[in-house]
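Let me begin by presenting the structure, written as structure tokens, before commenting on it.
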Amino acid sequence: MSRFHLIAPSGYCLNQQAALRGLQRLTEAGHQVENSAVIARRYQRFAGTEAERLADVNSLVDLKTPNTIVMPVRGGYGASRLLEDIDWQALAARQQHDPLLICGHSDFTAIQCGLLAQGNVITFSGPMLAANFGAEEMDPFTEQHFWLALRNAQFTVDWQGNGPECATEGTLWGGNLAMLMSLIGTPWMPAIDNGILVLEDINEHPFRVERMLLQLYNAGILARQNAIILGSFSGSTPNDYDAGYDLDAACTFLRSRLSVPLISGLDFGHEQRTVTLPLGANAVLKNDKNGSQLTLTGHPVLKS
């Protein structure tokens with residue numbers, strides 16, 4: 001069984017019942033869960049004061065327990081406030097020996113990108129306590145892929161993707177699209193060339209998704225990648241005004257501008273059904289008539 005250490009660097013968890021259900025689900029499965037006091041912590045809309053939330057992140061430097069999974073309670077907003085005060089170099093040094101397995105998504109993408117940009121620290125983009133482990137029914141696909149990623153030095157994700165045939169490899173990076181956008185021009189935006197950029201978001205209209213992708217394109221970021229993978233974009237349903245314009249239309253438009261393959265359809269993001277991906281790991285991507293395949297290596301794993 002594993003040890004979980006909870007942090008809450010972003011928004012207050014309004015659905016306390018879900019977080020407590022996640023806590024119960026983990027403990028009943030035999031896992032040890034530490035620092036659960038952060039679940040109820042609140043200041044305004046945040047999961048505690050700036051100092052409390054910052055301490056959640058910086059105190060990971062002193063976390064001596066080996067083989068530990070670090071997991072945020074939830075996303076929301078708040079991580080961006082902490083970026084200039086996080087001790088990136090100390091965290092990077094901490095991760096060089098017996099690394100913590102840090103897993104989260106959504107607003108937490110800002111901290112994950114910062115760790116990759118500042119210290120080349122690999123983290124996992126995957127489930128969090130409240131929304132995933134605290135769901136009324138834990139999605140078996142999500143649970144399976146979470147442990148697949150954290151326990152195996154090499155693993156493969158298969159799906160039926162949409163896009164051109166391709167075979168390429170590079171550093172996997174990305175996460176939440178809106179959070180990535182907020183980091184452009186900052187020291188916390190990873191400067192990765194020849195990478196495989198994976199993106200997802202929630203409650204963004206297709207034109208907003210397109211606009212954010214175009215900003216990455218116009219900033220020269222997309223052209224420097226070997227491939228772009230799109231995950232789930234929950235809540236992106238078009239309206240009557242769109243008159244046939246939807247996320248597929250946005251992808252078609254973007255592909256007309258791109259010289260690198262864009263593959264969509266990966267179960268990755270805010271949906272209950274999601275894969276877990278190591279950001280900063282080496283990735284080999286294949287897409288052909290038989291489907292899409294992403295093989296990951298070079299990431300830290302739990303020691304048996």
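By order of appearance in the structure tokens: chains A, B, ..., then residues from 1 within every chain, and ligands from 1 in the order shown.
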
- Message: Need the shell around Lys289 of chain A: protein/DNA/RNA residues with any atom at most 12 Å away, counting only C-alpha atoms. Skip same-chain ones fewer than 3 positions apart. Format as number ranges by chain?
- Response: A: 159-166, 286, 292-293

At a cut-off of 10 Å, can you tabulate as CSV every residue of segment 166-270 of chain A near segment 79-90 of chain A together with its closest atom pair and the distance in Å to one decimal, using only C-alpha atoms and ordering rows by chain then number?
residue,atom,partner,partner_atom,distance
A:Met179,CA,A:Ser80,CA,8.7
A:Ser182,CA,A:Ser80,CA,8.6
A:Leu183,CA,A:Ser80,CA,9.0
A:Pro187,CA,A:Glu84,CA,9.2
A:Trp188,CA,A:Leu83,CA,7.8

Writer output for current selection, all heavy atoms, as a tab-separated table (two decimals), in the first residue's frame:
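The resulting file, result_20.tsv, is reproduced below:
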chain	number	residue	atom	x	y	z
A	179	MET	N	-4.15	27.50	-17.86
A	179	MET	CA	-3.03	27.75	-16.96
A	179	MET	C	-1.73	27.90	-17.73
A	179	MET	O	-0.89	28.75	-17.41
A	179	MET	CB	-2.89	26.61	-15.94
A	179	MET	CG	-4.06	26.50	-14.98
A	179	MET	SD	-4.55	28.08	-14.23
A	179	MET	CE	-3.02	28.60	-13.46
A	182	SER	N	-1.51	31.33	-19.07
A	182	SER	CA	-1.22	32.35	-18.06
A	182	SER	C	0.27	32.44	-17.74
A	182	SER	O	0.72	33.40	-17.11
A	182	SER	CB	-1.99	32.06	-16.76
A	182	SER	OG	-1.43	30.95	-16.07
A	183	LEU	N	1.05	31.45	-18.19
A	183	LEU	CA	2.47	31.41	-17.88
A	183	LEU	C	3.36	31.92	-19.01
A	183	LEU	O	4.57	32.08	-18.82
A	183	LEU	CB	2.89	29.97	-17.53
A	183	LEU	CG	2.20	29.34	-16.32
A	183	LEU	CD1	2.64	27.89	-16.17
A	183	LEU	CD2	2.48	30.12	-15.05
A	187	PRO	N	8.87	33.16	-15.93
A	187	PRO	CA	9.92	32.17	-15.71
A	187	PRO	C	9.40	30.76	-15.46
A	187	PRO	O	10.20	29.83	-15.37
A	187	PRO	CB	10.63	32.69	-14.44
A	187	PRO	CG	10.19	34.10	-14.26
A	187	PRO	CD	8.82	34.18	-14.86
A	188	TRP	N	8.08	30.61	-15.35
A	188	TRP	CA	7.51	29.31	-15.01
A	188	TRP	C	6.92	28.59	-16.21
A	188	TRP	O	6.33	27.54	-16.09
A	188	TRP	CB	6.46	29.51	-13.91
A	188	TRP	CG	7.07	30.28	-12.77
A	188	TRP	CD1	8.07	29.86	-11.92
A	188	TRP	CD2	6.78	31.63	-12.41
A	188	TRP	NE1	8.41	30.86	-11.06
A	188	TRP	CE2	7.63	31.97	-11.32
A	188	TRP	CE3	5.90	32.59	-12.88
A	188	TRP	CZ2	7.62	33.22	-10.72
A	188	TRP	CZ3	5.88	33.85	-12.29
A	188	TRP	CH2	6.73	34.14	-11.21

- Grab the atom CA of Asp62 of chain A to atom CA of Gly119 of chain A distance for me, in Å with one decimal place. 16.9 Å

Residue contacts of Arg151 of chain A (8 Å, only C-alpha atoms) excluding same-chain residues fewer than 2 positions away, as a tab-separated table (two decimals) with N, CA, C and O atoms, in the first residue's frame:
chain	number	residue	atom	x	y	z
A	147	TRP	N	-2.46	4.05	-11.25
A	147	TRP	CA	-1.46	3.12	-10.73
A	147	TRP	C	-0.54	2.61	-11.83
A	147	TRP	O	0.64	2.32	-11.58
A	148	LEU	N	-1.04	2.52	-13.06
A	148	LEU	CA	-0.21	2.12	-14.20
A	148	LEU	C	0.97	3.09	-14.35
A	148	LEU	O	2.12	2.67	-14.53
A	149	ALA	N	0.68	4.38	-14.24
A	149	ALA	CA	1.71	5.39	-14.43
A	149	ALA	C	2.68	5.45	-13.25
A	149	ALA	O	3.89	5.62	-13.44
A	153	ALA	N	7.92	1.79	-14.83
A	153	ALA	CA	8.96	2.65	-15.41
A	153	ALA	C	8.73	2.88	-16.90
A	153	ALA	O	9.24	3.83	-17.47
A	301	VAL	N	8.92	6.30	-10.17
A	301	VAL	CA	7.83	5.36	-9.86
A	301	VAL	C	7.91	4.94	-8.41
A	301	VAL	O	8.93	5.13	-7.74
A	302	LEU	N	6.82	4.37	-7.92
A	302	LEU	CA	6.81	3.82	-6.58
A	302	LEU	C	7.73	2.62	-6.49
A	302	LEU	O	7.77	1.80	-7.41
A	303	LYS	N	8.45	2.52	-5.40
A	303	LYS	CA	9.33	1.39	-5.20
A	303	LYS	C	8.55	0.27	-4.51
A	303	LYS	O	7.87	0.51	-3.53

- Task: Name the residues in contact with Gly170 of chain A at a cut-off of 10 Å, using only C-alpha atoms, excluding same-chain residues fewer than 6 positions from it; report them as a VMD selection string.
- Result: chain A and resid 192 to 197 225 to 227 280 to 285 296

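Comparing A:Ile229, A:Ala110, A:Leu277, A:Ala223 by their smallest distance to Met181 of chain A, the closest is A:Ala110 (using only C-alpha atoms).
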
- Give me every strand (DSSP E) residue in segment 106-301 of chain A, going by DSSP on the backbone, as a ChimeraX atom specification. /A:123-125,154-159,166-176,196-202,227-234,262-263,277-279,282-288,291-297

- Atomic distance atom CA of Leu214 of chain A - atom CA of Ser232 of chain A, expressed in Å with one decimal: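 About the pair atom CA of Leu214 of chain A and atom CA of Ser232 of chain A: they are 17.9 Å apart.
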